[in-house]
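Pasting protein-v3.txt here (compact mmCIF, N, CA and C atoms):
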```txt
# COMPACT_ATOMS: atom_id res chain seq x y z
N MET A 1 2.07 0.84 -21.64
CA MET A 1 0.66 0.51 -21.51
C MET A 1 0.48 -0.33 -20.25
N ILE A 2 -0.56 0.00 -19.51
CA ILE A 2 -0.92 -0.78 -18.33
C ILE A 2 -2.26 -1.44 -18.60
N VAL A 3 -2.36 -2.71 -18.35
CA VAL A 3 -3.63 -3.44 -18.41
C VAL A 3 -3.78 -4.14 -17.07
N ARG A 4 -4.88 -3.85 -16.40
CA ARG A 4 -5.08 -4.37 -15.04
C ARG A 4 -6.57 -4.51 -14.81
N SER A 5 -7.00 -5.55 -14.13
CA SER A 5 -8.42 -5.73 -13.82
C SER A 5 -8.63 -5.59 -12.32
N PHE A 6 -9.87 -5.32 -11.95
CA PHE A 6 -10.19 -5.25 -10.53
C PHE A 6 -9.93 -6.59 -9.86
N SER A 7 -10.16 -7.69 -10.57
CA SER A 7 -9.89 -9.00 -9.97
C SER A 7 -8.39 -9.18 -9.71
N ASP A 8 -7.52 -8.55 -10.52
CA ASP A 8 -6.08 -8.63 -10.31
C ASP A 8 -5.66 -8.01 -8.98
N ILE A 9 -6.40 -7.01 -8.52
CA ILE A 9 -5.96 -6.28 -7.31
C ILE A 9 -6.76 -6.64 -6.07
N GLU A 10 -7.74 -7.53 -6.22
CA GLU A 10 -8.52 -7.94 -5.07
C GLU A 10 -7.61 -8.57 -4.02
N ASN A 11 -7.80 -8.13 -2.77
CA ASN A 11 -7.03 -8.61 -1.62
C ASN A 11 -5.52 -8.33 -1.72
N THR A 12 -5.15 -7.27 -2.45
CA THR A 12 -3.77 -6.79 -2.46
C THR A 12 -3.74 -5.46 -1.70
N ASP A 13 -2.60 -4.79 -1.65
CA ASP A 13 -2.52 -3.49 -0.97
C ASP A 13 -3.29 -2.40 -1.72
N ARG A 14 -3.72 -2.66 -2.95
CA ARG A 14 -4.56 -1.73 -3.70
C ARG A 14 -6.04 -1.88 -3.35
N HIS A 15 -6.39 -2.90 -2.61
CA HIS A 15 -7.77 -3.16 -2.19
C HIS A 15 -7.90 -2.67 -0.75
N VAL A 16 -8.39 -1.45 -0.60
CA VAL A 16 -8.40 -0.76 0.69
C VAL A 16 -9.79 -0.87 1.31
N LYS A 17 -9.82 -1.26 2.59
CA LYS A 17 -11.07 -1.32 3.34
C LYS A 17 -10.99 -0.26 4.44
N SER A 18 -12.01 0.57 4.53
CA SER A 18 -11.97 1.71 5.45
C SER A 18 -11.97 1.27 6.90
N ALA A 19 -11.32 2.07 7.73
CA ALA A 19 -11.32 1.84 9.17
C ALA A 19 -12.73 1.95 9.73
N SER A 20 -13.57 2.78 9.10
CA SER A 20 -14.95 2.97 9.56
C SER A 20 -15.83 1.77 9.27
N GLY A 21 -15.40 0.91 8.33
CA GLY A 21 -16.20 -0.24 7.95
C GLY A 21 -17.36 0.08 7.04
N THR A 22 -17.39 1.30 6.47
CA THR A 22 -18.53 1.70 5.64
C THR A 22 -18.27 1.57 4.14
N TRP A 23 -17.02 1.33 3.74
CA TRP A 23 -16.71 1.25 2.31
C TRP A 23 -15.43 0.45 2.08
N GLU A 24 -15.25 0.05 0.82
CA GLU A 24 -13.99 -0.53 0.35
C GLU A 24 -13.72 0.02 -1.04
N SER A 25 -12.45 0.05 -1.41
CA SER A 25 -12.06 0.67 -2.67
C SER A 25 -10.96 -0.14 -3.33
N LYS A 26 -11.14 -0.43 -4.61
CA LYS A 26 -10.10 -1.07 -5.41
C LYS A 26 -9.45 0.01 -6.25
N ARG A 27 -8.22 0.31 -5.95
CA ARG A 27 -7.51 1.44 -6.54
C ARG A 27 -6.65 0.94 -7.69
N ILE A 28 -7.21 1.06 -8.87
CA ILE A 28 -6.62 0.43 -10.06
C ILE A 28 -5.52 1.28 -10.71
N VAL A 29 -5.59 2.61 -10.55
CA VAL A 29 -4.52 3.52 -11.00
C VAL A 29 -4.19 4.41 -9.81
N LEU A 30 -2.90 4.48 -9.48
CA LEU A 30 -2.44 5.25 -8.32
C LEU A 30 -1.38 6.28 -8.72
N ALA A 31 -0.99 7.11 -7.77
CA ALA A 31 0.02 8.14 -8.02
C ALA A 31 1.31 7.55 -8.58
N LYS A 32 1.67 6.35 -8.16
CA LYS A 32 2.94 5.78 -8.63
C LYS A 32 2.95 5.48 -10.12
N GLU A 33 1.78 5.47 -10.76
CA GLU A 33 1.74 5.32 -12.21
C GLU A 33 2.10 6.62 -12.93
N LYS A 34 2.10 7.73 -12.18
CA LYS A 34 2.53 9.05 -12.69
C LYS A 34 1.77 9.50 -13.93
N VAL A 35 0.41 9.39 -13.86
CA VAL A 35 -0.41 9.86 -14.97
C VAL A 35 -1.28 11.06 -14.59
N GLY A 36 -1.13 11.57 -13.37
CA GLY A 36 -1.82 12.79 -12.98
C GLY A 36 -3.19 12.61 -12.35
N PHE A 37 -3.65 11.37 -12.19
CA PHE A 37 -4.94 11.10 -11.55
C PHE A 37 -4.88 9.69 -10.98
N SER A 38 -5.83 9.37 -10.11
CA SER A 38 -6.01 7.99 -9.69
C SER A 38 -7.44 7.57 -10.02
N LEU A 39 -7.61 6.26 -10.20
CA LEU A 39 -8.89 5.69 -10.62
C LEU A 39 -9.22 4.54 -9.70
N HIS A 40 -10.45 4.53 -9.18
CA HIS A 40 -10.85 3.55 -8.18
C HIS A 40 -12.25 3.03 -8.49
N GLU A 41 -12.53 1.84 -8.04
CA GLU A 41 -13.90 1.35 -7.92
C GLU A 41 -14.17 1.25 -6.43
N THR A 42 -15.20 1.95 -5.98
CA THR A 42 -15.51 1.99 -4.56
C THR A 42 -16.92 1.46 -4.34
N VAL A 43 -17.09 0.72 -3.25
CA VAL A 43 -18.41 0.26 -2.82
C VAL A 43 -18.66 0.83 -1.43
N LEU A 44 -19.76 1.58 -1.31
CA LEU A 44 -20.24 2.03 -0.01
C LEU A 44 -21.37 1.09 0.38
N TYR A 45 -21.35 0.60 1.61
CA TYR A 45 -22.28 -0.44 2.02
C TYR A 45 -23.65 0.11 2.39
N ALA A 46 -24.68 -0.65 2.01
CA ALA A 46 -26.08 -0.30 2.29
C ALA A 46 -26.28 -0.03 3.77
N GLY A 47 -27.07 1.01 4.06
CA GLY A 47 -27.44 1.31 5.43
C GLY A 47 -26.38 2.03 6.24
N THR A 48 -25.26 2.41 5.60
CA THR A 48 -24.21 3.13 6.32
C THR A 48 -24.30 4.62 6.00
N GLU A 49 -23.48 5.38 6.68
CA GLU A 49 -23.36 6.82 6.43
C GLU A 49 -21.88 7.18 6.47
N THR A 50 -21.42 7.86 5.43
CA THR A 50 -20.01 8.27 5.36
C THR A 50 -19.94 9.75 5.06
N SER A 51 -19.35 10.52 5.99
CA SER A 51 -19.14 11.94 5.79
C SER A 51 -17.72 12.16 5.31
N MET A 52 -17.59 12.96 4.24
CA MET A 52 -16.30 13.16 3.60
C MET A 52 -16.07 14.63 3.28
N TRP A 53 -14.80 14.98 3.20
CA TRP A 53 -14.41 16.33 2.80
C TRP A 53 -13.05 16.22 2.13
N TYR A 54 -13.03 16.29 0.81
CA TYR A 54 -11.78 16.19 0.08
C TYR A 54 -11.16 17.58 -0.03
N ALA A 55 -10.58 18.02 1.07
CA ALA A 55 -9.97 19.35 1.15
C ALA A 55 -8.74 19.45 0.26
N ASN A 56 -8.11 18.31 -0.05
CA ASN A 56 -6.86 18.30 -0.81
C ASN A 56 -7.01 17.72 -2.21
N HIS A 57 -8.20 17.30 -2.60
CA HIS A 57 -8.41 16.61 -3.87
C HIS A 57 -9.69 17.08 -4.55
N ILE A 58 -9.74 16.94 -5.85
CA ILE A 58 -10.97 17.04 -6.63
C ILE A 58 -11.38 15.60 -6.94
N GLU A 59 -12.66 15.28 -6.79
CA GLU A 59 -13.13 13.93 -7.07
C GLU A 59 -14.32 13.98 -8.00
N ALA A 60 -14.29 13.11 -9.01
CA ALA A 60 -15.45 12.86 -9.87
C ALA A 60 -15.90 11.44 -9.58
N VAL A 61 -17.22 11.24 -9.46
CA VAL A 61 -17.78 9.94 -9.09
C VAL A 61 -18.88 9.59 -10.08
N LEU A 62 -18.82 8.39 -10.65
CA LEU A 62 -19.85 7.89 -11.55
C LEU A 62 -20.45 6.64 -10.93
N CYS A 63 -21.74 6.68 -10.63
CA CYS A 63 -22.44 5.53 -10.06
C CYS A 63 -22.65 4.48 -11.15
N THR A 64 -22.28 3.24 -10.85
CA THR A 64 -22.48 2.14 -11.79
C THR A 64 -23.50 1.13 -11.29
N GLU A 65 -23.80 1.16 -9.98
CA GLU A 65 -24.74 0.20 -9.40
C GLU A 65 -25.21 0.71 -8.05
N GLY A 66 -26.50 0.54 -7.74
CA GLY A 66 -27.02 0.89 -6.43
C GLY A 66 -27.62 2.28 -6.40
N GLU A 67 -28.04 2.66 -5.19
CA GLU A 67 -28.70 3.95 -4.97
C GLU A 67 -28.22 4.55 -3.67
N ALA A 68 -28.01 5.87 -3.67
CA ALA A 68 -27.58 6.55 -2.45
C ALA A 68 -28.06 7.99 -2.46
N GLU A 69 -28.25 8.50 -1.26
CA GLU A 69 -28.54 9.92 -1.08
C GLU A 69 -27.23 10.64 -0.83
N LEU A 70 -26.98 11.68 -1.61
CA LEU A 70 -25.81 12.54 -1.45
C LEU A 70 -26.29 13.86 -0.86
N THR A 71 -25.69 14.27 0.25
CA THR A 71 -26.02 15.56 0.86
C THR A 71 -24.81 16.47 0.82
N ASN A 72 -25.00 17.67 0.30
CA ASN A 72 -23.99 18.72 0.40
C ASN A 72 -24.12 19.27 1.81
N ASP A 73 -23.16 18.95 2.69
CA ASP A 73 -23.27 19.34 4.09
C ASP A 73 -23.15 20.84 4.30
N GLU A 74 -22.67 21.55 3.30
CA GLU A 74 -22.53 23.01 3.42
C GLU A 74 -23.83 23.73 3.10
N THR A 75 -24.66 23.16 2.21
CA THR A 75 -25.90 23.82 1.81
C THR A 75 -27.15 23.07 2.25
N GLY A 76 -27.00 21.80 2.62
CA GLY A 76 -28.15 20.97 2.97
C GLY A 76 -28.85 20.37 1.76
N GLU A 77 -28.42 20.74 0.56
CA GLU A 77 -29.01 20.21 -0.68
C GLU A 77 -28.75 18.72 -0.78
N THR A 78 -29.79 17.96 -1.20
CA THR A 78 -29.64 16.52 -1.37
C THR A 78 -29.88 16.13 -2.83
N HIS A 79 -29.26 15.03 -3.22
CA HIS A 79 -29.39 14.48 -4.56
C HIS A 79 -29.53 12.97 -4.44
N TRP A 80 -30.35 12.37 -5.28
CA TRP A 80 -30.47 10.93 -5.33
C TRP A 80 -29.55 10.45 -6.45
N ILE A 81 -28.56 9.64 -6.10
CA ILE A 81 -27.56 9.17 -7.06
C ILE A 81 -27.89 7.72 -7.44
N THR A 82 -28.06 7.48 -8.73
CA THR A 82 -28.42 6.17 -9.27
C THR A 82 -27.48 5.85 -10.43
N PRO A 83 -27.51 4.61 -10.94
CA PRO A 83 -26.61 4.25 -12.03
C PRO A 83 -26.68 5.24 -13.20
N GLY A 84 -25.51 5.64 -13.68
CA GLY A 84 -25.43 6.59 -14.77
C GLY A 84 -25.35 8.04 -14.33
N THR A 85 -25.46 8.29 -13.02
CA THR A 85 -25.38 9.65 -12.48
C THR A 85 -23.96 9.92 -12.01
N MET A 86 -23.45 11.10 -12.34
CA MET A 86 -22.12 11.54 -11.95
C MET A 86 -22.25 12.74 -11.02
N TYR A 87 -21.37 12.83 -10.05
CA TYR A 87 -21.23 14.08 -9.30
C TYR A 87 -19.75 14.44 -9.21
N LEU A 88 -19.49 15.73 -9.21
CA LEU A 88 -18.13 16.26 -9.22
C LEU A 88 -17.97 17.19 -8.03
N LEU A 89 -17.01 16.90 -7.18
CA LEU A 89 -16.73 17.73 -6.01
C LEU A 89 -15.63 18.72 -6.39
N ASP A 90 -16.02 19.69 -7.22
CA ASP A 90 -15.05 20.65 -7.75
C ASP A 90 -14.79 21.82 -6.83
N GLY A 91 -15.55 21.92 -5.74
CA GLY A 91 -15.37 23.01 -4.78
C GLY A 91 -14.98 22.50 -3.40
N HIS A 92 -14.45 21.27 -3.33
CA HIS A 92 -14.03 20.68 -2.06
C HIS A 92 -15.18 20.64 -1.05
N GLU A 93 -16.38 20.34 -1.52
CA GLU A 93 -17.56 20.35 -0.66
C GLU A 93 -17.53 19.24 0.38
N ARG A 94 -17.90 19.59 1.60
CA ARG A 94 -18.14 18.57 2.63
C ARG A 94 -19.45 17.89 2.23
N HIS A 95 -19.47 16.56 2.28
CA HIS A 95 -20.65 15.84 1.82
C HIS A 95 -20.81 14.53 2.58
N THR A 96 -22.03 14.00 2.54
CA THR A 96 -22.35 12.74 3.21
C THR A 96 -23.09 11.84 2.24
N MET A 97 -22.66 10.58 2.20
CA MET A 97 -23.32 9.56 1.39
C MET A 97 -24.07 8.61 2.31
N ARG A 98 -25.34 8.32 1.93
CA ARG A 98 -26.19 7.38 2.66
C ARG A 98 -26.74 6.37 1.66
N PRO A 99 -26.02 5.26 1.45
CA PRO A 99 -26.48 4.27 0.47
C PRO A 99 -27.72 3.50 0.95
N LYS A 100 -28.71 3.44 0.08
CA LYS A 100 -29.90 2.63 0.36
C LYS A 100 -29.59 1.16 0.09
N THR A 101 -28.81 0.93 -0.97
CA THR A 101 -28.34 -0.41 -1.34
C THR A 101 -26.82 -0.33 -1.42
N ASP A 102 -26.15 -1.46 -1.56
CA ASP A 102 -24.72 -1.36 -1.83
C ASP A 102 -24.55 -0.46 -3.05
N PHE A 103 -23.65 0.50 -2.95
CA PHE A 103 -23.48 1.56 -3.94
C PHE A 103 -22.09 1.44 -4.55
N ARG A 104 -22.04 1.06 -5.82
CA ARG A 104 -20.77 0.87 -6.53
C ARG A 104 -20.55 2.06 -7.46
N CYS A 105 -19.32 2.60 -7.42
CA CYS A 105 -19.02 3.75 -8.26
C CYS A 105 -17.58 3.71 -8.72
N VAL A 106 -17.31 4.43 -9.79
CA VAL A 106 -15.96 4.63 -10.29
C VAL A 106 -15.59 6.07 -9.96
N CYS A 107 -14.42 6.23 -9.32
CA CYS A 107 -13.98 7.54 -8.84
C CYS A 107 -12.64 7.92 -9.46
N VAL A 108 -12.50 9.19 -9.77
CA VAL A 108 -11.25 9.73 -10.27
C VAL A 108 -10.82 10.84 -9.32
N PHE A 109 -9.56 10.79 -8.87
CA PHE A 109 -9.01 11.80 -7.96
C PHE A 109 -7.86 12.55 -8.62
N ASN A 110 -7.83 13.86 -8.37
CA ASN A 110 -6.72 14.71 -8.76
C ASN A 110 -6.46 15.66 -7.59
N PRO A 111 -5.25 15.74 -7.05
CA PRO A 111 -4.12 14.91 -7.41
C PRO A 111 -4.39 13.45 -7.07
N PRO A 112 -3.62 12.57 -7.69
CA PRO A 112 -3.86 11.14 -7.47
C PRO A 112 -3.55 10.72 -6.04
N VAL A 113 -4.26 9.70 -5.56
CA VAL A 113 -3.95 9.14 -4.25
C VAL A 113 -2.87 8.08 -4.39
N THR A 114 -2.23 7.79 -3.27
CA THR A 114 -1.14 6.80 -3.26
C THR A 114 -1.66 5.39 -3.01
N GLY A 115 -2.86 5.29 -2.47
CA GLY A 115 -3.42 3.99 -2.10
C GLY A 115 -3.42 3.76 -0.61
N ARG A 116 -2.73 4.60 0.14
CA ARG A 116 -2.64 4.45 1.60
C ARG A 116 -3.67 5.30 2.35
N GLU A 117 -4.42 6.13 1.65
CA GLU A 117 -5.31 7.09 2.29
C GLU A 117 -6.56 6.43 2.88
N ASP A 118 -7.01 6.98 3.99
CA ASP A 118 -8.31 6.70 4.58
C ASP A 118 -8.77 8.02 5.19
N HIS A 119 -10.07 8.16 5.38
CA HIS A 119 -10.60 9.41 5.91
C HIS A 119 -10.16 9.62 7.35
N ASP A 120 -9.75 10.86 7.66
CA ASP A 120 -9.41 11.20 9.04
C ASP A 120 -10.69 11.60 9.79
N GLU A 121 -10.54 12.13 11.00
CA GLU A 121 -11.70 12.49 11.82
C GLU A 121 -12.57 13.57 11.19
N ASN A 122 -12.05 14.32 10.21
CA ASN A 122 -12.82 15.34 9.50
C ASN A 122 -13.33 14.85 8.15
N GLY A 123 -13.09 13.59 7.82
CA GLY A 123 -13.51 13.05 6.53
C GLY A 123 -12.54 13.36 5.41
N VAL A 124 -11.33 13.82 5.75
CA VAL A 124 -10.34 14.27 4.77
C VAL A 124 -9.35 13.16 4.47
N TYR A 125 -8.97 13.03 3.19
CA TYR A 125 -7.80 12.24 2.81
C TYR A 125 -6.59 13.15 2.96
N PRO A 126 -5.54 12.71 3.66
CA PRO A 126 -4.32 13.51 3.71
C PRO A 126 -3.70 13.60 2.32
N LEU A 127 -2.93 14.62 2.09
CA LEU A 127 -2.24 14.77 0.81
C LEU A 127 -0.91 14.05 0.91
N LEU A 128 -0.91 12.78 0.50
CA LEU A 128 0.30 11.95 0.53
C LEU A 128 0.93 11.98 -0.84
N THR A 129 2.23 11.79 -0.89
CA THR A 129 2.93 11.76 -2.17
C THR A 129 3.77 10.51 -2.25
N GLU A 130 4.11 10.12 -3.46
CA GLU A 130 4.98 8.99 -3.70
C GLU A 130 6.43 9.49 -3.70
N GLU A 131 7.33 8.67 -3.22
CA GLU A 131 8.75 9.00 -3.30
C GLU A 131 9.17 8.97 -4.76
N ALA A 132 10.06 9.88 -5.15
CA ALA A 132 10.50 9.96 -6.55
C ALA A 132 11.32 8.76 -6.93
```
Starting from the file, lay out its structure as structure tokens.
Amino acid sequence: MIVRSFSDIENTDRHVKSASGTWESKRIVLAKEKVGFSLHETVLYAGTETSMWYANHIEAVLCTEGEAELTNDETGETHWITPGTMYLLDGHERHTMRPKTDFRCVCVFNPPVTGREDHDENGVYPLLTEEA
């Protein structure tokens, strides 16, 4: 059994701040736990724009605080994401988030991330693995 709080991982290597300066993520469950998914709390900062494309992962996102516009960059379709709203990137959709306020969400990734990932120039997380 693992019991861990977000406060336990604040300012550790599990507390990742993006190179772009648009978000930070507390990665509470990672690939090294070997449970088949990773679990994060992510905050995207108000007034920023982050374009992403999880070419190597499926991501489910549940908004817990704040408001943001989600755009499917492939179709142009937009959605307003507010607390209690979930979106699932089950087709590896390229997408852009534009938070109106600080936007806090809980994210699940499959395959799990290692904790070292950040978006590359295409908005992609590389597919990193843990050593056995």
Those in range 1-129 of chain A with strand (DSSP E) from DSSP, as number ranges by chain
A: 15-17, 23-29, 38-44, 50-53, 58-65, 68-72, 78-81, 86-89, 94-99, 103-110
Hey, what's within 6.5 Å of Ile28 in chain A if we count all atoms listed in the file and toss same-chain stuff fewer than 2 positions away? As a list in words, please?
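Once the adjacent positions are removed, what remains is Arg14, Lys26, Leu30, Leu39, His40 and Glu41 of chain A.
In this comparison, which uses all atoms listed in the file, the residue of A:Ser7, A:Thr96, A:Ser20, A:Thr42 approaching Thr71 in chain A most closely is A:Thr96.
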Which value, in Å to one decimal, gives the distance between CA of Val106 in chain A and CA of Met1 in chain A?
20.5 Å
Val108 in chain A: which residues within 6.5 Å, counting all atoms listed in the file, same-chain residues fewer than 4 positions away excluded, as JSON, numbers by chain?
{"A": [37, 38, 39, 40, 58, 59, 60, 61, 62]}
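Coordinates place CA of His15 in chain A at a distance of 23.9 Å from CA of Leu70 in chain A.
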Shell around Met97 in chain A at 6 Å using only N, CA and C atoms, local window under 3 positions removed, as a list of chain:residue names
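My reading of the contact set: A:Thr48, A:Glu49, A:Thr50, A:Ser51, A:Met52, A:Glu69, A:Leu70, A:Thr71.
Here CA of Arg104 in chain A stands at a distance of 8.8 Å from CA of Tyr45 in chain A.
Distances from A:Asn56, A:Thr78, A:Thr64, A:Leu88 to Asn110 in chain A were compared using only N, CA and C atoms, and the smallest one belongs to A:Asn56.
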Among listed residues A:Glu67, A:Val43, A:Ala19, A:His95, nearest Pro83 in chain A (using only C-alpha atoms)
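Nearest to Pro83 in chain A: A:Glu67.
Considering the residues A:Leu44, A:Val3, A:Ile9, A:Val35 and counting only N, CA and C atoms, Cys105 in chain A has its shortest atom-to-atom contact with A:Leu44.
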